[in-house]
file query-v5.tsv (TSV, C-alpha atoms and all ligand atoms)
chain	number	residue	atom	x	y	z
A	1	MET	CA	0.00	0.00	0.00
A	2	THR	CA	1.17	3.54	-0.79
A	3	THR	CA	0.05	6.52	1.27
A	4	ILE	CA	0.37	10.19	0.39
A	5	ILE	CA	0.42	12.23	3.60
A	6	ASN	CA	0.27	15.94	4.45
A	7	ILE	CA	-1.96	16.79	1.47
A	8	GLY	CA	-2.91	20.49	1.62
A	9	GLU	CA	-6.17	19.91	-0.31
A	10	LEU	CA	-7.57	16.55	-1.37
A	11	VAL	CA	-10.17	17.54	-3.97
A	12	GLY	CA	-12.61	15.69	-6.24
A	13	ILE	CA	-14.08	13.43	-3.54
A	14	VAL	CA	-17.35	11.96	-4.76
A	15	PRO	CA	-19.50	9.37	-2.94
A	16	GLU	CA	-19.66	5.91	-4.49
A	17	GLY	CA	-22.33	5.39	-7.14
A	18	ILE	CA	-22.45	8.93	-8.50
A	19	LEU	CA	-21.63	8.66	-12.19
A	20	ARG	CA	-22.01	12.28	-13.31
A	21	LYS	CA	-22.75	15.75	-11.97
A	22	GLN	CA	-25.51	17.99	-13.30
A	23	GLY	CA	-26.80	21.52	-12.70
A	24	PRO	CA	-25.93	22.89	-9.23
A	25	GLU	CA	-24.02	19.68	-8.35
A	26	MET	CA	-21.43	20.78	-10.89
A	27	ASP	CA	-20.29	23.39	-8.38
A	28	GLU	CA	-19.84	20.87	-5.56
A	29	THR	CA	-16.87	18.67	-4.81
A	30	GLY	CA	-15.69	16.96	-1.66
A	31	ILE	CA	-12.54	18.58	-0.23
A	32	ILE	CA	-10.49	17.53	2.80
A	33	ARG	CA	-7.74	19.88	3.97
A	34	ASN	CA	-4.64	18.37	5.64
A	35	ALA	CA	-5.45	14.92	4.31
A	36	PHE	CA	-3.99	11.53	3.39
A	37	ILE	CA	-4.88	9.04	0.67
A	38	SER	CA	-3.86	5.36	0.49
A	39	PHE	CA	-3.91	3.11	-2.55
A	40	ALA	CA	-2.94	-0.48	-3.31
A	41	ASN	CA	-3.02	-2.60	-6.47
A	42	GLY	CA	-3.99	0.48	-8.45
A	43	ARG	CA	-7.13	1.18	-6.41
A	44	ILE	CA	-7.98	3.87	-3.87
A	45	VAL	CA	-8.23	2.13	-0.50
A	46	ASP	CA	-8.82	4.96	1.95
A	47	PHE	CA	-8.52	8.71	2.50
A	48	GLY	CA	-9.38	11.19	5.23
A	49	PRO	CA	-7.94	13.83	7.56
A	50	MET	CA	-4.30	13.39	8.61
A	51	ASP	CA	-5.20	12.42	12.19
A	52	LYS	CA	-6.76	9.25	10.74
A	53	ALA	CA	-3.76	8.40	8.53
A	54	PRO	CA	-2.43	4.86	8.88
A	55	GLY	CA	0.74	4.89	10.99
A	56	ASP	CA	2.59	1.83	9.78
A	57	ASN	CA	3.13	2.53	6.10
A	58	ILE	CA	6.32	1.46	4.47
A	59	ASP	CA	5.63	3.31	1.24
A	60	CYS	CA	4.85	6.86	2.26
A	61	ILE	CA	5.01	10.05	0.16
A	62	ASP	CA	5.02	13.43	1.87
A	63	ALA	CA	2.93	15.89	-0.17
A	64	ARG	CA	4.35	18.79	1.88
A	65	GLY	CA	1.05	20.64	1.53
A	66	GLY	CA	0.58	19.89	-2.18
A	67	MET	CA	-2.87	19.21	-3.59
A	68	VAL	CA	-4.12	15.81	-4.78
A	69	LEU	CA	-6.84	15.62	-7.40
A	70	PRO	CA	-8.18	12.94	-9.77
A	71	GLY	CA	-6.27	12.63	-13.04
A	72	PHE	CA	-7.82	14.36	-16.06
A	73	CYS	CA	-10.28	12.33	-18.17
A	74	ASP	CA	-10.04	13.64	-21.74
A	75	SER	CA	-13.09	12.26	-23.54
A	76	HIS	CA	-12.44	13.66	-27.04
A	77	THR	CA	-9.11	13.60	-28.85
A	78	HIS	CA	-7.74	13.04	-32.35
A	79	ILE	CA	-4.25	12.46	-30.95
A	80	VAL	CA	-3.29	9.92	-33.64
A	81	TRP	CA	-2.19	11.85	-36.71
A	82	ALA	CA	0.74	11.97	-39.10
A	83	GLY	CA	2.95	14.86	-40.10
A	84	SER	CA	2.12	18.48	-39.46
A	85	ARG	CA	-0.34	21.14	-40.59
A	86	ASP	CA	1.75	24.13	-39.61
A	87	GLY	CA	1.42	25.46	-43.18
A	88	GLU	CA	-2.31	25.83	-42.57
A	89	PHE	CA	-1.52	27.69	-39.37
A	90	LEU	CA	0.11	30.35	-41.54
A	91	ASP	CA	-2.97	30.40	-43.83
A	92	LYS	CA	-5.10	30.89	-40.76
A	93	ILE	CA	-2.97	33.79	-39.56
A	94	ARG	CA	-3.36	35.35	-43.01
A	95	GLY	CA	-7.12	35.24	-42.53
A	96	LEU	CA	-8.50	31.99	-43.96
A	97	SER	CA	-11.22	30.29	-41.91
A	98	TYR	CA	-11.30	26.59	-40.98
A	99	GLU	CA	-13.96	26.02	-43.67
A	100	GLN	CA	-11.92	27.90	-46.32
A	101	ILE	CA	-8.80	25.88	-45.53
A	102	ALA	CA	-10.83	22.65	-45.77
A	103	ALA	CA	-12.41	23.74	-49.07
A	104	ARG	CA	-8.92	24.22	-50.57
A	105	GLY	CA	-8.10	20.56	-49.86
A	106	GLY	CA	-6.39	21.34	-46.59
A	107	GLY	CA	-7.82	20.45	-43.22
A	108	ILE	CA	-8.88	16.89	-42.52
A	109	LEU	CA	-8.10	15.78	-46.12
A	110	ASN	CA	-4.55	17.07	-45.77
A	111	SER	CA	-4.11	14.98	-42.61
A	112	SER	CA	-5.68	12.04	-44.43
A	113	ASP	CA	-3.09	12.21	-47.23
A	114	LEU	CA	-0.28	12.43	-44.68
A	115	LEU	CA	-1.66	9.51	-42.71
A	116	ASN	CA	-2.19	7.28	-45.71
A	117	ARG	CA	1.46	7.83	-46.68
A	118	SER	CA	2.72	7.06	-43.20
A	119	SER	CA	3.67	3.55	-42.03
A	120	GLU	CA	1.86	2.07	-39.05
A	121	ASP	CA	5.07	2.11	-36.98
A	122	SER	CA	5.77	5.73	-37.73
A	123	LEU	CA	2.17	6.71	-36.97
A	124	TYR	CA	2.43	4.91	-33.64
A	125	GLU	CA	5.69	6.65	-32.79
A	126	GLN	CA	4.47	10.12	-33.74
A	127	SER	CA	1.25	9.64	-31.77
A	128	MET	CA	2.91	8.11	-28.72
A	129	ALA	CA	5.04	11.24	-28.31
A	130	ARG	CA	1.82	13.22	-27.85
A	131	VAL	CA	0.23	10.62	-25.58
A	132	SER	CA	3.33	10.75	-23.35
A	133	GLU	CA	3.11	14.53	-23.36
A	134	VAL	CA	-0.51	14.59	-22.14
A	135	MET	CA	0.11	11.90	-19.52
A	136	ALA	CA	2.90	14.05	-18.11
A	137	LYS	CA	0.37	16.91	-18.03
A	138	GLY	CA	-2.03	14.90	-15.88
A	139	THR	CA	-4.28	13.04	-18.33
A	140	THR	CA	-4.89	9.56	-16.94
A	141	SER	CA	-7.67	8.44	-19.29
A	142	LEU	CA	-8.44	9.49	-22.83
A	143	GLU	CA	-10.56	8.71	-25.84
A	144	ILE	CA	-8.87	8.60	-29.25
A	145	LYS	CA	-10.69	8.79	-32.58
A	146	SER	CA	-9.88	7.46	-36.02
A	147	GLY	CA	-10.95	9.69	-38.90
A	148	TYR	CA	-7.81	10.58	-40.82
A	149	GLY	CA	-7.78	7.39	-42.90
A	150	LEU	CA	-11.03	7.99	-44.77
A	151	ASN	CA	-10.66	4.63	-46.53
A	152	PRO	CA	-10.78	1.10	-45.10
A	153	GLU	CA	-6.98	0.63	-44.94
A	154	GLY	CA	-6.27	3.99	-43.35
A	155	GLU	CA	-9.11	3.78	-40.85
A	156	MET	CA	-8.14	0.28	-39.69
A	157	LYS	CA	-4.49	1.35	-39.49
A	158	MET	CA	-5.53	4.15	-37.14
A	159	LEU	CA	-7.68	1.86	-35.02
A	160	ARG	CA	-4.81	-0.64	-34.74
A	161	VAL	CA	-2.45	2.15	-33.68
A	162	ILE	CA	-4.98	3.22	-31.02
A	163	ARG	CA	-5.10	-0.39	-29.79
A	164	GLN	CA	-1.30	-0.50	-29.68
A	165	ILE	CA	-1.26	2.74	-27.65
A	166	ARG	CA	-3.90	1.31	-25.31
A	167	GLU	CA	-1.72	-1.74	-24.73
A	168	SER	CA	1.46	0.22	-24.11
A	169	VAL	CA	0.46	3.03	-21.75
A	170	PRO	CA	-0.72	3.06	-18.13
A	171	ALA	CA	-3.50	5.53	-19.02
A	172	LEU	CA	-6.93	4.10	-19.78
A	173	VAL	CA	-7.67	4.46	-23.52
A	174	LYS	CA	-11.03	4.27	-25.32
A	175	SER	CA	-11.27	4.03	-29.07
A	176	THR	CA	-13.79	5.63	-31.44
A	177	PHE	CA	-14.40	4.89	-35.12
A	178	LEU	CA	-14.81	8.25	-36.87
A	179	GLY	CA	-14.81	7.04	-40.49
A	180	ALA	CA	-17.33	9.82	-41.18
A	181	HIS	CA	-14.94	12.67	-40.34
A	182	ALA	CA	-14.86	14.05	-43.90
A	183	ILE	CA	-15.76	12.70	-47.34
A	184	GLY	CA	-12.87	10.52	-48.50
A	185	ARG	CA	-11.17	11.64	-51.72
A	186	GLY	CA	-12.76	10.44	-54.96
A	187	HIS	CA	-16.21	9.80	-53.48
A	188	THR	CA	-19.55	11.53	-53.51
A	189	ARG	CA	-21.06	11.95	-50.07
A	190	GLU	CA	-23.55	9.16	-50.74
A	191	GLU	CA	-20.81	6.76	-51.88
A	192	TYR	CA	-18.69	7.59	-48.90
A	193	VAL	CA	-21.52	7.12	-46.37
A	194	ARG	CA	-22.02	3.66	-47.85
A	195	ALA	CA	-18.29	3.00	-47.61
A	196	VAL	CA	-18.31	3.97	-43.92
A	197	ILE	CA	-21.20	1.60	-43.27
A	198	GLU	CA	-19.20	-1.16	-44.97
A	199	MET	CA	-16.24	-0.47	-42.68
A	200	LEU	CA	-18.36	-1.01	-39.55
A	201	PRO	CA	-17.89	-4.78	-39.06
A	202	ASP	CA	-14.08	-4.48	-39.07
A	203	ALA	CA	-14.10	-1.24	-37.09
A	204	ALA	CA	-16.29	-2.82	-34.43
A	205	GLU	CA	-13.55	-5.37	-33.74
A	206	LEU	CA	-11.27	-2.54	-32.65
A	207	ALA	CA	-13.41	0.39	-31.52
A	208	ASP	CA	-15.63	1.06	-28.49
A	209	PHE	CA	-17.66	3.91	-29.99
A	210	VAL	CA	-18.77	5.43	-33.30
A	211	ASP	CA	-18.66	9.12	-34.20
A	212	VAL	CA	-19.89	11.25	-37.14
A	213	PHE	CA	-18.95	14.86	-37.94
A	214	CYS	CA	-22.56	16.02	-38.27
A	215	ASP	CA	-22.07	19.59	-39.40
A	216	GLU	CA	-22.42	22.00	-42.30
A	217	GLY	CA	-20.19	20.95	-45.19
A	218	PHE	CA	-19.57	17.49	-43.71
A	219	PHE	CA	-22.37	14.96	-42.91
A	220	THR	CA	-26.12	15.56	-42.67
A	221	THR	CA	-28.45	14.35	-39.95
A	222	ASP	CA	-29.74	11.70	-42.39
A	223	ASP	CA	-26.22	10.43	-43.07
A	224	THR	CA	-25.59	10.42	-39.33
A	225	ALA	CA	-28.77	8.48	-38.53
A	226	ARG	CA	-27.95	5.87	-41.19
A	227	ILE	CA	-24.44	5.33	-39.85
A	228	LEU	CA	-25.58	5.17	-36.22
A	229	GLU	CA	-28.34	2.72	-37.05
A	230	ALA	CA	-25.92	0.50	-38.93
A	231	ALA	CA	-23.44	0.70	-36.02
A	232	ALA	CA	-25.95	-0.14	-33.27
A	233	PRO	CA	-26.05	-3.93	-33.88
A	234	TYR	CA	-22.28	-4.00	-33.34
A	235	GLY	CA	-22.69	-2.39	-29.93
A	236	LEU	CA	-20.93	0.82	-30.99
A	237	ARG	CA	-22.43	3.62	-28.90
A	238	PRO	CA	-22.41	7.06	-30.58
A	239	LYS	CA	-20.34	10.08	-29.61
A	240	ILE	CA	-21.22	12.84	-32.07
A	241	HIS	CA	-19.45	15.94	-33.41
A	242	ALA	CA	-22.31	18.44	-33.53
A	243	ASN	CA	-22.97	22.16	-33.86
A	244	GLU	CA	-19.38	23.32	-34.26
A	245	LEU	CA	-19.88	25.16	-37.54
A	246	ALA	CA	-23.67	25.51	-37.71
A	247	LEU	CA	-26.95	24.52	-36.05
A	248	SER	CA	-26.59	21.06	-37.50
A	249	GLY	CA	-29.33	19.00	-35.84
A	250	GLY	CA	-26.54	16.75	-34.59
A	251	VAL	CA	-27.57	17.06	-30.94
A	252	GLN	CA	-31.09	15.85	-31.71
A	253	VAL	CA	-29.92	12.93	-33.85
A	254	GLY	CA	-27.32	11.97	-31.23
A	255	VAL	CA	-29.79	11.99	-28.34
A	256	ALA	CA	-32.35	10.06	-30.41
A	257	HIS	CA	-29.75	7.33	-30.93
A	258	GLY	CA	-28.67	7.14	-27.29
A	259	ALA	CA	-25.34	8.92	-27.77
A	260	LEU	CA	-22.98	8.80	-24.81
A	261	SER	CA	-21.98	12.36	-25.65
A	262	VAL	CA	-22.59	15.15	-28.15
A	263	ASP	CA	-19.49	17.25	-28.58
A	264	HIS	CA	-18.52	20.81	-29.59
A	265	LEU	CA	-21.86	22.67	-29.28
A	266	GLU	CA	-20.43	26.10	-30.07
A	267	ARG	CA	-23.72	26.88	-31.86
A	268	THR	CA	-26.72	25.85	-29.79
A	269	MET	CA	-30.16	27.19	-28.96
A	270	GLU	CA	-32.87	26.34	-26.44
A	271	ALA	CA	-33.98	23.40	-28.61
A	272	GLU	CA	-30.68	21.59	-28.07
A	273	ILE	CA	-30.81	22.18	-24.31
A	274	GLU	CA	-34.39	20.90	-24.21
A	275	VAL	CA	-33.62	17.59	-25.93
A	276	LEU	CA	-30.62	17.02	-23.68
A	277	LYS	CA	-32.70	17.41	-20.52
A	278	GLY	CA	-33.62	14.02	-19.09
A	279	SER	CA	-31.30	12.19	-21.51
A	280	ALA	CA	-28.27	10.06	-20.68
A	281	THR	CA	-26.17	12.03	-23.20
A	282	MET	CA	-23.31	14.17	-21.87
A	283	PRO	CA	-22.94	17.55	-23.62
A	284	THR	CA	-19.21	17.96	-24.13
A	285	MET	CA	-17.47	21.23	-24.89
A	286	LEU	CA	-14.07	21.76	-26.47
A	287	PRO	CA	-12.98	25.31	-25.68
A	288	GLY	CA	-9.52	24.69	-27.15
A	289	SER	CA	-11.03	24.73	-30.64
A	290	SER	CA	-12.97	27.95	-29.97
A	291	PHE	CA	-9.73	29.53	-28.78
A	292	PHE	CA	-7.69	28.31	-31.74
A	293	LEU	CA	-10.27	28.87	-34.50
A	294	GLY	CA	-11.61	32.13	-33.08
A	295	ILE	CA	-15.19	30.85	-33.11
A	296	PRO	CA	-17.70	31.41	-30.30
A	297	PHE	CA	-17.23	29.53	-27.05
A	298	ALA	CA	-20.05	27.10	-26.20
A	299	GLU	CA	-22.50	28.57	-23.73
A	300	ALA	CA	-21.71	26.24	-20.86
A	301	ARG	CA	-23.35	28.50	-18.26
A	302	LYS	CA	-26.72	28.19	-20.00
A	303	PHE	CA	-26.46	24.40	-19.98
A	304	ILE	CA	-25.54	24.22	-16.30
A	305	ASP	CA	-28.14	26.79	-15.31
A	306	ALA	CA	-30.73	24.66	-17.15
A	307	GLY	CA	-29.81	21.76	-14.86
A	308	LEU	CA	-27.51	19.88	-17.24
A	309	GLY	CA	-24.01	18.58	-16.66
A	310	ILE	CA	-21.21	19.20	-19.10
A	311	ALA	CA	-17.89	17.54	-19.81
A	312	LEU	CA	-14.85	19.36	-21.15
A	313	ALA	CA	-12.26	17.80	-23.42
A	314	SER	CA	-9.19	18.92	-25.32
A	315	ASP	CA	-10.10	17.87	-28.91
A	316	TYR	CA	-6.31	17.54	-29.36
A	317	ASN	CA	-5.91	17.55	-33.18
A	318	PRO	CA	-3.72	19.22	-35.80
A	319	GLY	CA	-6.43	21.44	-37.32
A	320	SER	CA	-8.63	22.99	-34.69
A	321	SER	CA	-7.00	22.36	-31.31
A	322	PRO	CA	-3.30	21.57	-31.34
A	323	SER	CA	-3.09	21.19	-27.56
A	324	GLY	CA	-4.01	18.38	-25.20
A	325	ASP	CA	-3.41	20.41	-22.06
A	326	MET	CA	-6.41	19.85	-19.79
A	327	ARG	CA	-5.34	22.46	-17.24
A	328	PHE	CA	-5.43	25.00	-20.07
A	329	VAL	CA	-8.95	23.74	-20.91
A	330	MET	CA	-9.94	24.47	-17.29
A	331	ALA	CA	-8.43	27.95	-17.54
A	332	LEU	CA	-10.28	28.68	-20.80
A	333	VAL	CA	-13.67	27.77	-19.37
A	334	CYS	CA	-13.12	29.73	-16.18
A	335	ILE	CA	-11.85	32.79	-18.00
A	336	ARG	CA	-13.99	32.73	-21.16
A	337	MET	CA	-17.08	30.70	-20.20
A	338	ARG	CA	-17.43	31.82	-16.56
A	339	LEU	CA	-17.36	28.39	-15.00
A	340	THR	CA	-16.08	28.14	-11.45
A	341	PRO	CA	-12.90	26.10	-10.84
A	342	THR	CA	-15.06	23.44	-9.17
A	343	GLU	CA	-17.39	23.22	-12.20
A	344	ALA	CA	-14.34	23.01	-14.45
A	345	LEU	CA	-12.82	20.25	-12.29
A	346	ASN	CA	-16.00	18.12	-12.40
A	347	ALA	CA	-16.18	18.65	-16.17
A	348	VAL	CA	-12.60	17.43	-16.79
A	349	THR	CA	-12.78	14.51	-14.35
A	350	LEU	CA	-16.04	12.76	-13.42
A	351	ASN	CA	-18.11	14.03	-16.35
A	352	GLY	CA	-15.28	13.40	-18.80
A	353	ALA	CA	-15.09	9.84	-17.49
A	354	TYR	CA	-18.86	9.54	-17.96
A	355	ALA	CA	-18.50	10.67	-21.59
A	356	MET	CA	-16.21	7.64	-22.11
A	357	GLY	CA	-18.43	5.22	-20.18
A	358	LEU	CA	-15.76	5.06	-17.47
A	359	SER	CA	-17.17	6.96	-14.52
A	360	SER	CA	-17.66	3.87	-12.36
A	361	GLU	CA	-13.91	3.24	-12.80
A	362	CYS	CA	-12.25	6.65	-12.58
A	363	GLY	CA	-12.83	10.41	-12.52
A	364	SER	CA	-13.07	11.02	-8.76
A	365	ILE	CA	-11.57	10.31	-5.37
A	366	THR	CA	-13.78	7.39	-4.39
A	367	ARG	CA	-12.84	4.20	-2.51
A	368	GLY	CA	-12.42	1.32	-4.95
A	369	LYS	CA	-11.87	3.50	-8.02
A	370	ARG	CA	-8.64	3.52	-9.99
A	371	ALA	CA	-5.86	5.39	-8.20
A	372	ASP	CA	-5.37	7.80	-11.12
A	373	LEU	CA	-4.09	10.83	-9.26
A	374	ILE	CA	-2.24	14.10	-9.72
A	375	LEU	CA	0.00	15.28	-6.88
A	376	THR	CA	0.89	18.95	-7.21
A	377	GLU	CA	3.82	20.94	-5.95
A	378	PRO	CA	3.27	22.57	-2.52
A	379	GLY	CA	1.04	25.63	-2.33
A	380	TRP	CA	-1.45	24.78	-5.08
A	381	THR	CA	-5.22	24.99	-4.59
A	382	LEU	CA	-8.12	24.23	-6.91
A	383	THR	CA	-8.61	27.93	-7.63
A	384	LYS	CA	-4.97	28.50	-8.46
A	385	LEU	CA	-4.98	25.78	-11.14
A	386	PRO	CA	-6.90	27.79	-13.78
A	387	TYR	CA	-5.76	31.14	-12.37
A	388	LEU	CA	-1.99	30.63	-12.61
A	389	TYR	CA	-2.66	28.90	-15.89
A	390	GLN	CA	0.89	28.69	-17.19
A	391	THR	CA	2.84	27.89	-14.04
A	392	PRO	CA	4.03	24.27	-13.83
A	393	PHE	CA	2.05	22.58	-11.04
A	394	ILE	CA	2.55	18.82	-11.32
A	395	ARG	CA	4.89	16.95	-9.02
A	396	SER	CA	3.79	13.39	-9.97
A	397	VAL	CA	1.03	11.66	-11.88
A	398	TYR	CA	-0.05	8.23	-10.58
A	399	PHE	CA	-1.69	5.67	-12.84
A	400	ALA	CA	-3.62	2.68	-11.52
B	501	LIG	O1	-13.07	18.22	-33.58
B	501	LIG	N1	-14.49	19.00	-36.15
B	501	LIG	C1	-13.99	18.00	-36.64
B	501	LIG	N2	-12.85	17.44	-36.30
B	501	LIG	C2	-11.86	18.07	-35.53
B	501	LIG	C3	-10.91	18.81	-36.40
B	501	LIG	C4	-10.06	17.89	-37.10
B	501	LIG	C5	-9.03	18.52	-37.98
B	501	LIG	O2	-9.15	19.67	-38.44
B	501	LIG	O3	-8.07	17.80	-38.24
B	501	LIG	C6	-12.50	18.86	-34.44
B	501	LIG	O4	-12.44	20.09	-34.39
B	502	FE	FE	-13.08	16.59	-32.63
call {"tool": "encode", "arguments": {"input": "query-v5.tsv", "output": "structure tokens", "more": "lines below"}}
Ligand code: NIG
Ligand code: FE
result
Amino acid sequence: MTTIINIGELVGIVPEGILRKQGPEMDETGIIRNAFISFANGRIVDFGPMDKAPGDNIDCIDARGGMVLPGFCDSHTHIVWAGSRDGEFLDKIRGLSYEQIAARGGGILNSSDLLNRSSEDSLYEQSMARVSEVMAKGTTSLEIKSGYGLNPEGEMKMLRVIRQIRESVPALVKSTFLGAHAIGRGHTREEYVRAVIEMLPDAAELADFVDVFCDEGFFTTDDTARILEAAAPYGLRPKIHANELALSGGVQVGVAHGALSVDHLERTMEAEIEVLKGSATMPTMLPGSSFFLGIPFAEARKFIDAGLGIALASDYNPGSSPSGDMRFVMALVCIRMRLTPTEALNAVTLNGAYAMGLSSECGSITRGKRADLILTEPGWTLTKLPYLYQTPFIRSVYFA
């Protein structure tokens, strides 16, 4: 058993059985000051105030007043990609929008060409460098999407690389088949939707979830419904890209098909909030892409004030969010979306875990859950995390 003692703030304590936070609960988290936490065999065994700490521990770490919080649960990433799109970054600086870059054959299709030219080993190596980077920054579980193959070979190559990552890292990895990320070269939309449906049996061998980019210029709600219906018999639960570029109807189609999450939501109205109420779908926001693309931030406050929960994820990808830094995500939502640090914490831990179907396993300080923990340097508090948003804060990251 390992025990961390003299913890200044132990935050993110959630009673057993609570799988997500919604509405006013978003602003609540259990905190113990001057605390200890013990874990063994990768599981949290006990925690409490220091006067209850076990006395006879051989393996003892002195936090010296540092904070302990659950590791970040990043429920939406495209961390597997090949090459670089820094040329498009220059186009963007010169004034081209994300849609204009995509229309010129850049964007997702550019990444698709790079990926299809890359060997599986090289793709694994390039992607692992980023996975190691985010683990060092406190991410202890993450979802990774395919979607840069856009043909059967490329998509399966990506899904195999995700599996290889899953098998080689201590972080928990979930895999999503996003064949419908853009229309593969040489196809009409109709042909490509059929091609995606044909990829499903093989994809289902490797992936946990299915995703569709249901947005203006990409896939329609009809395309999305067809793909989700074809995926359902394989047990692939949907996680949908919706309402990033326009009011796409993606939230409605996602909820109607029992989506685990609907993600982006930069453009939403009351209708989207209404269909989400009472559903099991987690609205997930990706402020890193609003920051990078200069598009509106999702209106998280409206969702929470309407009684909903939200998750926050990095969207780490080469085109719209080239950062997987979850502490920066917390800072963005506090500064630009007026969430409290506690709301931000719940959104990047428990609710992020929920959006990957993992919240009974991780995402909070709860006895029996995975001991996926961040130990900070001395002096840190929950409020300081998003406030001092560039100062290094991590002393160690523990993986179950
Ligand atoms: O989540 N919106 C669609 N997909 C990504 C962008 C992918 C890319 O540009 O490579 C996103 O923003
Ligand atoms: Fe995305």
call {"tool": "atom_distance", "arguments": {"input": "query-v5.tsv", "atom1": "atom CA of A:Gly254", "atom2": "atom CA of A:Ala280"}}
result
10.8 Å
call {"tool": "residues_near_ligand", "arguments": {"input": "query-v5.tsv", "ligand": "ligand LIG 501 (chain B)", "cutoff": "10 Å", "atoms": "only C-alpha atoms and all ligand atoms", "output": "PDB file with C-alpha atoms, keeping the file's coordinate frame"}}
result
ATOM      1  CA  HIS A  76     -12.440  13.660 -27.040  1.00  0.00           C
ATOM      2  CA  THR A  77      -9.110  13.600 -28.850  1.00  0.00           C
ATOM      3  CA  HIS A  78      -7.740  13.040 -32.350  1.00  0.00           C
ATOM      4  CA  ILE A  79      -4.250  12.460 -30.950  1.00  0.00           C
ATOM      5  CA  TRP A  81      -2.190  11.850 -36.710  1.00  0.00           C
ATOM      6  CA  ARG A  85      -0.340  21.140 -40.590  1.00  0.00           C
ATOM      7  CA  TYR A  98     -11.300  26.590 -40.980  1.00  0.00           C
ATOM      8  CA  GLU A  99     -13.960  26.020 -43.670  1.00  0.00           C
ATOM      9  CA  ILE A 101      -8.800  25.880 -45.530  1.00  0.00           C
ATOM     10  CA  ALA A 102     -10.830  22.650 -45.770  1.00  0.00           C
ATOM     11  CA  GLY A 106      -6.390  21.340 -46.590  1.00  0.00           C
ATOM     12  CA  GLY A 107      -7.820  20.450 -43.220  1.00  0.00           C
ATOM     13  CA  ILE A 108      -8.880  16.890 -42.520  1.00  0.00           C
ATOM     14  CA  LEU A 109      -8.100  15.780 -46.120  1.00  0.00           C
ATOM     15  CA  ASN A 110      -4.550  17.070 -45.770  1.00  0.00           C
ATOM     16  CA  SER A 111      -4.110  14.980 -42.610  1.00  0.00           C
ATOM     17  CA  SER A 112      -5.680  12.040 -44.430  1.00  0.00           C
ATOM     18  CA  LYS A 145     -10.690   8.790 -32.580  1.00  0.00           C
ATOM     19  CA  GLY A 147     -10.950   9.690 -38.900  1.00  0.00           C
ATOM     20  CA  TYR A 148      -7.810  10.580 -40.820  1.00  0.00           C
ATOM     21  CA  LEU A 178     -14.810   8.250 -36.870  1.00  0.00           C
ATOM     22  CA  ALA A 180     -17.330   9.820 -41.180  1.00  0.00           C
ATOM     23  CA  HIS A 181     -14.940  12.670 -40.340  1.00  0.00           C
ATOM     24  CA  ALA A 182     -14.860  14.050 -43.900  1.00  0.00           C
ATOM     25  CA  VAL A 212     -19.890  11.250 -37.140  1.00  0.00           C
ATOM     26  CA  PHE A 213     -18.950  14.860 -37.940  1.00  0.00           C
ATOM     27  CA  CYS A 214     -22.560  16.020 -38.270  1.00  0.00           C
ATOM     28  CA  ASP A 215     -22.070  19.590 -39.400  1.00  0.00           C
ATOM     29  CA  PHE A 218     -19.570  17.490 -43.710  1.00  0.00           C
ATOM     30  CA  ILE A 240     -21.220  12.840 -32.070  1.00  0.00           C
ATOM     31  CA  HIS A 241     -19.450  15.940 -33.410  1.00  0.00           C
ATOM     32  CA  ALA A 242     -22.310  18.440 -33.530  1.00  0.00           C
ATOM     33  CA  ASN A 243     -22.970  22.160 -33.860  1.00  0.00           C
ATOM     34  CA  GLU A 244     -19.380  23.320 -34.260  1.00  0.00           C
ATOM     35  CA  LEU A 245     -19.880  25.160 -37.540  1.00  0.00           C
ATOM     36  CA  ASP A 263     -19.490  17.250 -28.580  1.00  0.00           C
ATOM     37  CA  HIS A 264     -18.520  20.810 -29.590  1.00  0.00           C
ATOM     38  CA  LEU A 286     -14.070  21.760 -26.470  1.00  0.00           C
ATOM     39  CA  GLY A 288      -9.520  24.690 -27.150  1.00  0.00           C
ATOM     40  CA  SER A 289     -11.030  24.730 -30.640  1.00  0.00           C
ATOM     41  CA  SER A 290     -12.970  27.950 -29.970  1.00  0.00           C
ATOM     42  CA  PHE A 292      -7.690  28.310 -31.740  1.00  0.00           C
ATOM     43  CA  LEU A 293     -10.270  28.870 -34.500  1.00  0.00           C
ATOM     44  CA  SER A 314      -9.190  18.920 -25.320  1.00  0.00           C
ATOM     45  CA  ASP A 315     -10.100  17.870 -28.910  1.00  0.00           C
ATOM     46  CA  TYR A 316      -6.310  17.540 -29.360  1.00  0.00           C
ATOM     47  CA  ASN A 317      -5.910  17.550 -33.180  1.00  0.00           C
ATOM     48  CA  PRO A 318      -3.720  19.220 -35.800  1.00  0.00           C
ATOM     49  CA  GLY A 319      -6.430  21.440 -37.320  1.00  0.00           C
ATOM     50  CA  SER A 320      -8.630  22.990 -34.690  1.00  0.00           C
ATOM     51  CA  SER A 321      -7.000  22.360 -31.310  1.00  0.00           C
ATOM     52  CA  PRO A 322      -3.300  21.570 -31.340  1.00  0.00           C
TER      53      PRO A 322
END
call {"tool": "atom_distance", "arguments": {"input": "query-v5.tsv", "atom1": "atom CA of A:Met50", "atom2": "atom CA of A:Ile7"}}
result
8.2 Å
call {"tool": "residues_around", "arguments": {"input": "query-v5.tsv", "residues": "A:Thr268", "least_positions_apart": "4", "cutoff": "8 Å", "atoms": "only C-alpha atoms", "output": "count of residues only"}}
result
6
call {"tool": "residues_around", "arguments": {"input": "query-v5.tsv", "residues": "A:Leu358", "least_positions_apart": "2", "cutoff": "10 Å", "atoms": "all atoms listed in the file", "output": "count of residues only"}}
result
17
